[in-house]
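Next comes structure_12.cif, with mmCIF, C-alpha atoms.
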data_model
loop_
_atom_site.group_PDB
_atom_site.id
_atom_site.type_symbol
_atom_site.label_atom_id
_atom_site.label_comp_id
_atom_site.auth_asym_id
_atom_site.auth_seq_id
_atom_site.Cartn_x
_atom_site.Cartn_y
_atom_site.Cartn_z
ATOM 1 C CA MET G 1 97.038 192.273 22.270
ATOM 2 C CA PRO G 2 99.645 190.758 19.941
ATOM 3 C CA ARG G 3 98.306 189.001 16.872
ATOM 4 C CA PRO G 4 100.690 186.069 16.406
ATOM 5 C CA GLY G 5 101.996 185.109 13.030
ATOM 6 C CA ALA G 6 103.248 188.036 10.917
ATOM 7 C CA ARG G 7 105.885 190.768 10.867
ATOM 8 C CA ALA G 8 104.766 194.284 11.702
ATOM 9 C CA SER G 9 105.935 197.774 10.802
ATOM 10 C CA ARG G 10 105.211 201.224 12.175
ATOM 11 C CA ARG G 11 102.356 201.444 9.663
ATOM 12 C CA PRO G 12 98.999 200.302 11.121
ATOM 13 C CA PRO G 13 99.397 196.525 11.212
ATOM 14 C CA TYR G 14 97.509 193.578 9.885
ATOM 15 C CA THR G 15 96.359 190.677 12.035
ATOM 16 C CA VAL G 16 98.941 188.366 13.550
ATOM 17 C CA CYS G 17 97.058 186.750 16.452
ATOM 18 C CA ALA G 18 96.328 183.075 16.915
ATOM 19 C CA ALA G 19 92.948 181.793 15.718
ATOM 20 C CA LEU G 20 91.456 181.640 19.185
ATOM 21 C CA LEU G 21 92.354 185.318 19.757
ATOM 22 C CA LEU G 22 90.891 186.745 16.540
ATOM 23 C CA LEU G 23 87.923 188.142 18.429
ATOM 24 C CA LEU G 24 90.141 190.110 20.821
ATOM 25 C CA THR G 25 91.414 193.487 19.717
ATOM 26 C CA GLY G 26 93.523 196.128 21.344
ATOM 27 C CA CYS G 27 96.538 194.245 22.709
ATOM 28 C CA ALA G 28 100.154 194.405 22.107
ATOM 29 C CA ALA G 29 100.976 193.679 18.506
ATOM 30 C CA PRO G 30 100.025 194.269 14.912
ATOM 31 C CA GLY G 31 96.427 193.456 14.061
ATOM 32 C CA ALA G 32 94.439 193.204 16.724
ATOM 33 C CA ALA G 33 93.929 200.904 28.509
ATOM 34 C CA PRO G 34 104.319 208.410 36.297
ATOM 35 C CA GLY G 35 107.095 208.088 37.430
ATOM 36 C CA PRO G 36 106.464 207.713 41.136
ATOM 37 C CA THR G 37 106.449 210.727 43.380
ATOM 38 C CA ALA G 38 106.239 210.914 47.147
ATOM 39 C CA MET G 39 102.661 211.433 48.185
ATOM 40 C CA HIS G 40 103.333 213.933 50.923
ATOM 41 C CA THR G 41 106.491 215.463 52.313
ATOM 42 C CA ALA G 42 106.635 217.232 55.634
ATOM 43 C CA ALA G 43 107.906 220.815 55.610
ATOM 44 C CA HIS G 44 111.448 221.223 56.957
ATOM 45 C CA ALA G 45 111.816 223.176 60.162
ATOM 46 C CA PRO G 46 113.438 226.566 59.557
ATOM 47 C CA THR G 47 117.164 226.612 60.233
ATOM 48 C CA GLY G 48 118.897 229.163 62.414
ATOM 49 C CA ASN G 49 121.033 231.957 61.003
ATOM 50 C CA ALA G 50 124.806 231.431 60.963
ATOM 51 C CA PRO G 51 126.845 233.513 63.482
ATOM 52 C CA ALA G 52 127.642 236.919 62.017
ATOM 53 C CA GLY G 53 131.084 238.490 61.619
ATOM 54 C CA ASN G 54 133.676 237.792 64.271
ATOM 55 C CA ALA G 55 131.325 237.565 67.230
ATOM 56 C CA PRO G 56 133.016 235.875 70.193
ATOM 57 C CA ALA G 57 132.246 232.166 70.474
ATOM 58 C CA ALA G 58 131.127 232.646 74.062
ATOM 59 C CA HIS G 59 128.538 235.263 73.109
ATOM 60 C CA ALA G 60 125.096 234.036 74.110
ATOM 61 C CA PRO G 61 122.597 233.709 71.239
ATOM 62 C CA THR G 62 119.781 236.201 71.199
ATOM 63 C CA ARG G 63 116.140 235.378 70.603
ATOM 64 C CA ASN G 64 114.061 236.771 67.777
ATOM 65 C CA ALA G 65 111.363 239.141 68.864
ATOM 66 C CA GLY G 66 108.021 237.455 69.308
ATOM 67 C CA ALA G 67 109.515 233.925 69.161
ATOM 68 C CA ALA G 68 110.321 233.327 72.791
ATOM 69 C CA GLY G 69 109.558 230.234 74.786
ATOM 70 C CA PRO G 70 107.469 227.223 73.721
ATOM 71 C CA GLY G 71 105.817 229.152 70.893
ATOM 72 C CA ALA G 72 109.117 229.348 69.003
ATOM 73 C CA ALA G 73 109.667 225.596 69.265
ATOM 74 C CA ALA G 74 106.139 224.974 68.007
ATOM 75 C CA ALA G 75 106.746 227.222 65.021
ATOM 76 C CA ARG G 76 109.772 225.130 64.061
ATOM 77 C CA ARG G 77 107.939 221.799 64.142
ATOM 78 C CA PRO G 78 106.918 220.299 60.750
ATOM 79 C CA ALA G 79 103.274 220.698 59.936
ATOM 80 C CA ALA G 80 101.288 217.514 60.537
ATOM 81 C CA PRO G 81 99.385 215.975 57.598
ATOM 82 C CA THR G 82 95.790 217.166 57.501
ATOM 83 C CA GLY G 83 94.301 213.890 56.212
ATOM 84 C CA PRO G 84 94.999 210.528 54.540
ATOM 85 C CA PHE G 85 97.765 210.449 51.961
ATOM 86 C CA GLU G 86 96.644 210.750 48.346
ATOM 87 C CA ILE G 87 98.411 209.614 45.172
ATOM 88 C CA ARG G 88 99.882 213.007 44.438
ATOM 89 C CA MET G 89 100.084 212.881 40.640
ATOM 90 C CA LEU G 90 96.347 212.186 40.363
ATOM 91 C CA GLY G 91 93.918 215.073 40.033
ATOM 92 C CA GLN G 92 90.586 215.272 41.809
ATOM 93 C CA VAL G 93 88.553 213.952 38.866
ATOM 94 C CA VAL G 94 90.735 210.848 38.554
ATOM 95 C CA ARG G 95 90.869 210.276 42.304
ATOM 96 C CA SER G 96 87.092 210.399 42.523
ATOM 97 C CA ALA G 97 86.848 207.656 39.872
ATOM 98 C CA ILE G 98 88.661 205.159 42.123
ATOM 99 C CA PRO G 99 86.031 203.123 43.989
ATOM 100 C CA ALA G 100 85.883 203.932 47.696
ATOM 101 C CA GLU G 101 86.298 200.226 48.501
ATOM 102 C CA SER G 102 89.472 199.816 46.403
ATOM 103 C CA GLN G 103 92.597 199.100 48.417
ATOM 104 C CA GLN G 104 94.983 198.410 45.507
ATOM 105 C CA ALA G 105 95.701 200.704 42.563
ATOM 106 C CA LEU G 106 98.265 200.164 39.820
ATOM 107 C CA VAL G 107 99.043 203.640 38.463
ATOM 108 C CA VAL G 108 100.468 203.596 34.924
ATOM 109 C CA THR G 109 101.690 206.997 33.800
ATOM 110 C CA GLY G 110 102.588 207.623 30.172
ATOM 111 C CA ASN G 111 105.423 209.989 29.339
ATOM 112 C CA SER G 112 103.190 212.089 27.057
ATOM 113 C CA PRO G 113 99.855 211.793 25.186
ATOM 114 C CA ASP G 114 101.611 210.315 22.135
ATOM 115 C CA SER G 115 104.295 208.254 23.881
ATOM 116 C CA SER G 116 104.365 204.447 24.026
ATOM 117 C CA GLU G 117 106.557 204.408 27.142
ATOM 118 C CA ALA G 118 105.225 204.573 30.683
ATOM 119 C CA THR G 119 105.983 203.868 34.337
ATOM 120 C CA ALA G 120 103.919 201.719 36.720
ATOM 121 C CA VAL G 121 103.685 201.960 40.516
ATOM 122 C CA LEU G 122 101.455 199.838 42.750
ATOM 123 C CA TYR G 123 99.764 201.585 45.688
ATOM 124 C CA THR G 124 97.758 200.135 48.575
ATOM 125 C CA ARG G 125 95.259 201.726 50.942
ATOM 126 C CA ASP G 126 95.009 199.163 53.722
ATOM 127 C CA ASP G 127 94.256 201.807 56.374
ATOM 128 C CA PRO G 128 91.888 204.547 55.157
ATOM 129 C CA THR G 129 93.105 206.884 57.901
ATOM 130 C CA VAL G 130 96.651 206.641 56.517
ATOM 131 C CA GLY G 131 95.717 206.656 52.825
ATOM 132 C CA TRP G 132 97.600 205.440 49.772
ATOM 133 C CA GLN G 133 101.141 204.102 50.095
ATOM 134 C CA PRO G 134 103.479 202.917 47.276
ATOM 135 C CA VAL G 135 104.392 199.252 47.766
ATOM 136 C CA ALA G 136 105.963 198.171 44.447
ATOM 137 C CA GLY G 137 107.664 199.888 41.539
ATOM 138 C CA PRO G 138 108.480 202.025 39.744
ATOM 139 C CA TRP G 139 108.459 199.550 36.866
ATOM 140 C CA PRO G 140 109.090 200.319 33.186
ATOM 141 C CA ALA G 141 106.055 199.743 30.979
ATOM 142 C CA HIS G 142 104.872 200.058 27.392
ATOM 143 C CA ASN G 143 101.504 201.180 26.096
ATOM 144 C CA ALA G 144 100.074 201.588 22.602
ATOM 145 C CA LEU G 145 102.150 202.739 19.625
ATOM 146 C CA TYR G 146 100.415 206.137 19.287
ATOM 147 C CA GLY G 147 99.947 206.813 22.988
ATOM 148 C CA TRP G 148 96.677 207.427 24.846
ATOM 149 C CA THR G 149 93.046 208.307 24.140
ATOM 150 C CA ASP G 150 89.863 209.240 26.008
ATOM 151 C CA GLU G 151 87.779 207.380 23.401
ATOM 152 C CA HIS G 152 89.325 204.149 22.197
ATOM 153 C CA TYR G 153 88.295 202.496 18.914
ATOM 154 C CA VAL G 154 89.435 199.350 17.134
ATOM 155 C CA ASN G 155 92.860 199.722 15.509
ATOM 156 C CA ASP G 156 93.439 203.328 16.668
ATOM 157 C CA LEU G 157 96.685 202.074 18.267
ATOM 158 C CA ARG G 158 96.032 204.036 21.451
ATOM 159 C CA THR G 159 95.479 202.882 25.037
ATOM 160 C CA PRO G 160 92.244 203.949 26.761
ATOM 161 C CA ILE G 161 92.639 206.476 29.582
ATOM 162 C CA GLY G 162 90.754 205.836 32.789
ATOM 163 C CA VAL G 163 90.217 203.818 35.960
ATOM 164 C CA TYR G 164 89.339 200.160 35.327
ATOM 165 C CA GLY G 165 88.936 197.042 37.432
ATOM 166 C CA LEU G 166 91.388 194.140 37.431
ATOM 167 C CA THR G 167 89.146 191.118 37.966
ATOM 168 C CA ALA G 168 90.534 188.150 36.001
ATOM 169 C CA ALA G 169 93.811 186.751 34.741
ATOM 170 C CA GLY G 170 95.198 183.970 32.596
ATOM 171 C CA GLY G 171 98.106 182.908 30.476
ATOM 172 C CA ARG G 172 99.946 180.219 28.599
ATOM 173 C CA LEU G 173 101.872 179.337 31.777
ATOM 174 C CA GLU G 174 100.561 177.989 35.035
ATOM 175 C CA ALA G 175 99.470 180.645 37.529
ATOM 176 C CA PRO G 176 102.424 181.851 39.643
ATOM 177 C CA GLY G 177 100.195 181.921 42.723
ATOM 178 C CA THR G 178 97.389 184.458 42.497
ATOM 179 C CA GLU G 179 94.034 185.110 44.159
ATOM 180 C CA LEU G 180 92.573 186.362 40.871
ATOM 181 C CA PRO G 181 90.522 183.908 38.780
ATOM 182 C CA TYR G 182 93.103 182.444 36.385
ATOM 183 C CA VAL G 183 92.614 180.621 33.077
ATOM 184 C CA GLN G 184 95.579 178.644 31.724
ATOM 185 C CA SER G 185 95.226 177.917 28.004
ATOM 186 C CA PRO G 186 97.323 177.439 24.851
ATOM 187 C CA ALA G 187 95.051 180.102 23.319
ATOM 188 C CA PHE G 188 97.361 182.624 24.991
ATOM 189 C CA THR G 189 100.222 181.662 22.657
ATOM 190 C CA ALA G 190 101.694 184.656 20.804
ATOM 191 C CA SER G 191 104.039 184.649 17.815
ATOM 192 C CA GLY G 192 105.255 186.967 15.099
ATOM 193 C CA GLU G 193 106.938 190.350 15.453
ATOM 194 C CA GLY G 194 106.008 193.661 17.060
ATOM 195 C CA PHE G 195 106.224 197.204 15.751
ATOM 196 C CA ASP G 196 109.984 197.377 16.269
ATOM 197 C CA GLY G 197 110.658 193.922 14.815
ATOM 198 C CA GLU G 198 110.884 192.323 18.255
ATOM 199 C CA SER G 199 109.603 188.808 18.873
ATOM 200 C CA LEU G 200 106.168 188.538 20.462
ATOM 201 C CA GLU G 201 106.816 185.053 21.822
ATOM 202 C CA GLY G 202 105.878 184.815 25.484
ATOM 203 C CA SER G 203 103.850 188.039 25.531
ATOM 204 C CA PHE G 204 100.783 186.200 26.789
ATOM 205 C CA ASP G 205 102.549 183.892 29.227
ATOM 206 C CA TYR G 206 100.787 185.966 31.924
ATOM 207 C CA VAL G 207 97.923 188.381 31.349
ATOM 208 C CA ILE G 208 95.549 190.352 33.564
ATOM 209 C CA ALA G 209 92.378 191.559 31.876
ATOM 210 C CA ILE G 210 91.717 195.304 32.168
ATOM 211 C CA ASP G 211 87.970 195.859 32.517
ATOM 212 C CA TYR G 212 87.620 198.130 29.499
ATOM 213 C CA ASN G 213 84.634 197.131 27.299
ATOM 214 C CA ARG G 214 84.366 193.652 28.787
ATOM 215 C CA VAL G 215 82.372 191.728 31.368
ATOM 216 C CA PRO G 216 84.187 192.087 34.721
ATOM 217 C CA GLY G 217 85.301 188.750 36.112
ATOM 218 C CA ALA G 218 84.994 186.898 32.801
ATOM 219 C CA SER G 219 87.964 185.103 31.253
ATOM 220 C CA PRO G 220 90.380 187.417 29.418
ATOM 221 C CA LEU G 221 89.442 185.389 26.317
ATOM 222 C CA ASP G 222 85.734 186.295 26.589
ATOM 223 C CA PRO G 223 84.827 188.213 23.370
ATOM 224 C CA THR G 224 81.810 190.067 24.829
ATOM 225 C CA ARG G 225 82.007 193.829 24.122
ATOM 226 C CA PRO G 226 79.299 195.753 26.066
ATOM 227 C CA LEU G 227 80.165 199.068 24.340
ATOM 228 C CA GLY G 228 80.118 197.467 20.875
ATOM 229 C CA GLU G 229 82.768 195.848 18.716
ATOM 230 C CA GLU G 230 83.862 199.187 17.238
ATOM 231 C CA ARG G 231 85.071 200.351 20.660
ATOM 232 C CA GLY G 232 87.691 197.632 20.773
ATOM 233 C CA GLY G 233 88.514 195.283 23.602
ATOM 234 C CA GLY G 234 90.992 192.685 24.751
ATOM 235 C CA ILE G 235 92.924 195.386 26.630
ATOM 236 C CA TRP G 236 95.279 193.483 28.899
ATOM 237 C CA LEU G 237 98.251 193.804 31.181
ATOM 238 C CA HIS G 238 100.736 191.306 29.732
ATOM 239 C CA VAL G 239 104.423 190.429 29.488
ATOM 240 C CA ASP G 240 106.521 193.117 27.828
ATOM 241 C CA HIS G 241 108.099 192.223 24.472
ATOM 242 C CA GLY G 242 110.347 195.291 24.243
ATOM 243 C CA GLY G 243 108.215 197.582 22.100
ATOM 244 C CA PRO G 244 104.887 199.425 21.784
ATOM 245 C CA THR G 245 101.602 197.567 22.123
ATOM 246 C CA GLN G 246 98.440 197.895 20.113
ATOM 247 C CA GLY G 247 96.389 199.045 23.101
ATOM 248 C CA CYS G 248 97.503 197.025 26.113
ATOM 249 C CA VAL G 249 99.957 197.815 28.907
ATOM 250 C CA SER G 250 102.998 195.542 29.182
ATOM 251 C CA LEU G 251 105.367 194.918 32.090
ATOM 252 C CA PRO G 252 108.537 192.810 32.431
ATOM 253 C CA GLU G 253 107.758 189.142 33.094
ATOM 254 C CA ASP G 254 109.054 189.152 36.668
ATOM 255 C CA ARG G 255 106.930 192.231 37.420
ATOM 256 C CA MET G 256 103.849 190.481 36.012
ATOM 257 C CA GLU G 257 104.529 187.505 38.262
ATOM 258 C CA GLU G 258 104.917 189.822 41.253
ATOM 259 C CA LEU G 259 101.737 191.709 40.411
ATOM 260 C CA LEU G 260 99.731 188.493 40.064
ATOM 261 C CA ARG G 261 100.890 187.384 43.501
ATOM 262 C CA ILE G 262 100.013 190.724 45.122
ATOM 263 C CA LEU G 263 96.612 191.526 43.612
ATOM 264 C CA ASP G 264 93.709 190.410 45.768
ATOM 265 C CA PRO G 265 90.117 190.519 44.470
ATOM 266 C CA ALA G 266 88.936 191.151 48.042
ATOM 267 C CA LYS G 267 90.774 194.482 47.849
ATOM 268 C CA VAL G 268 88.973 195.509 44.630
ATOM 269 C CA PRO G 269 92.154 196.217 42.616
ATOM 270 C CA VAL G 270 92.050 198.798 39.828
ATOM 271 C CA ILE G 271 94.388 200.171 37.205
ATOM 272 C CA VAL G 272 94.620 203.945 36.823
ATOM 273 C CA MET G 273 96.211 204.729 33.467
ATOM 274 C CA GLY G 274 96.887 207.612 31.133
ATOM 275 C CA ASP G 275 99.464 210.228 30.254
ATOM 276 C CA VAL G 276 100.735 212.693 32.864
ATOM 277 C CA ALA G 277 98.330 215.496 31.905
ATOM 278 C CA ALA G 278 95.292 213.190 31.762
ATOM 279 C CA LEU G 279 95.983 211.749 35.213
ATOM 280 C CA ALA G 280 96.338 215.239 36.687
ATOM 281 C CA ARG G 281 92.708 216.151 35.861
#

Now, as a test, write the supplied structure out as structure tokens.
Amino acid sequence: MPRPGARASRRPPYTVCAALLLLLTGCAAPGAAPGPTAMHTAAHAPTGNAPAGNAPAAHAPTRNAGAAGPGAAAARRPAAPTGPFEIRMLGQVVRSAIPAESQQALVVTGNSPDSSEATAVLYTRDDPTVGWQPVAGPWPAHNALYGWTDEHYVNDLRTPIGVYGLTAAGGRLEAPGTELPYVQSPAFTASGEGFDGESLEGSFDYVIAIDYNRVPGASPLDPTRPLGEERGGGIWLHVDHGGPTQGCVSLPEDRMEELLRILDPAKVPVIVMGDVAALAR
């Protein structure tokens, strides 16, 4: 998360967060987890051949051998889906990590393992017989300065890859209407500059805690680190400030407001995040 209070460079930064955030590491600023594709497309029915040569217009069309009657029409019909729709860019390993009871998944796909730019799409699975459907996005997003990692550590400036719960939210501003537990506090104030010299002000106006190395359901400000302090923490979804983060994922402010209004703890929302290759596992 951003560490308010000091200017940052592309060199690993020093702390700039407010005093009440000193225990949180991993978010969007110095010091301190794909583009959408259609899930299934039906095959097009084969098209007929164009009339050959100068055949008279009144000439009756001939049938292909073995394709007469109702069987030919059946062969031209699009194949029906064989099961519920899946999120196509996700591989089997990643899909299996999504809890069976989850009905909301925010998929954040990084451009490459070392890229700080990503795309977010929200999917829902309200009817298990239908499967996953995109309902919001694609939205532009930022992740950590140096990209993604399977094993996140403090100050590595990479965002952890994986599937994590979204169980609590907060911010400097009043909740925009959300079912998630929400903590409003001045402790979410951010200041200083990011890696590209951009202002960090407002970055924590809205945050959603990503359940990496934290107690699910606790306030985003809770400093508890079940995996140990060295594995980092304070990995949040927060308001984008126009540049790379230190470990968080950031979205435009209006998208954060929209996401807070949509996410429902009864639907066990998760975030699925990583670079394209990692999500295809």

**Request:** Find, counting all atoms listed in the file, the residue in G:Trp139, G:Phe195, G:Tyr153, G:Tyr182 that gets nearest to Gly243 (chain G).
**Result:**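 Nearest candidate to Gly243 (chain G) out of G:Trp139, G:Phe195, G:Tyr153, G:Tyr182: G:Phe195.
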
**Request:** Can you pull out every residue within 6 Å of region 110-124 of chain G, counting all atoms listed in the file, but drop anything in the same chain fewer than 6 positions away, and send it as a list of chain:residue names?
**Result:** G:Pro34, G:Gly35, G:Gln103, G:Gln104, G:Trp132, G:Gln133, G:Pro134, G:Val135, G:Ala136, G:Gly137, G:Pro138, G:Trp139, G:Pro140, G:Ala141, G:His142, G:Asn143, G:Ala144, G:Leu145, G:Tyr146, G:Gly147, G:Trp148, G:Pro244, G:Gly274, G:Asp275

**Request:** Decode the PyMOL selection byres ((chain G and resi 258) around 12) for the given file into explicit residues and return them as a ChimeraX atom specification.
**Result:** /G:122,135-137,139,175-178,206,239,251-257,259-263

**Request:** Rounded to one decimal place, report the CA of Arg231 (chain G)-CA of Asn155 (chain G) distance in Å.
**Result:**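 CA of Asn155 (chain G) lies 9.4 Å from CA of Arg231 (chain G).
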
**Request:** Write out as a count of residues only which residues come within 9 Å of Pro186 (chain G) when counting all atoms listed in the file, dropping same-chain ones fewer than 3 positions away.
**Result:** 4

**Request:** Just say which residues the PyMOL selection byres ((chain G and resi 217) around 6) picks in this file, as an MDAnalysis selection string.
**Result:** chainID G and resid 167:168 216 218

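Atom pair CA of Gln184 (chain G) / CA of Trp236 (chain G) has a distance of 15.1 Å (rounded to one decimal).
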
**Message:** For a cutoff of 6 Å around the file-coordinate point (92.1, 205.6, 26.8), which residues qualify once you count all atoms listed in the file? I'd like the result as an NGL selection string.
**Reply:** :G and (33 or 148-152 or 159-161)

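Relative to CA of Ser96 (chain G), CA of Val154 (chain G) is found at 27.8 Å.
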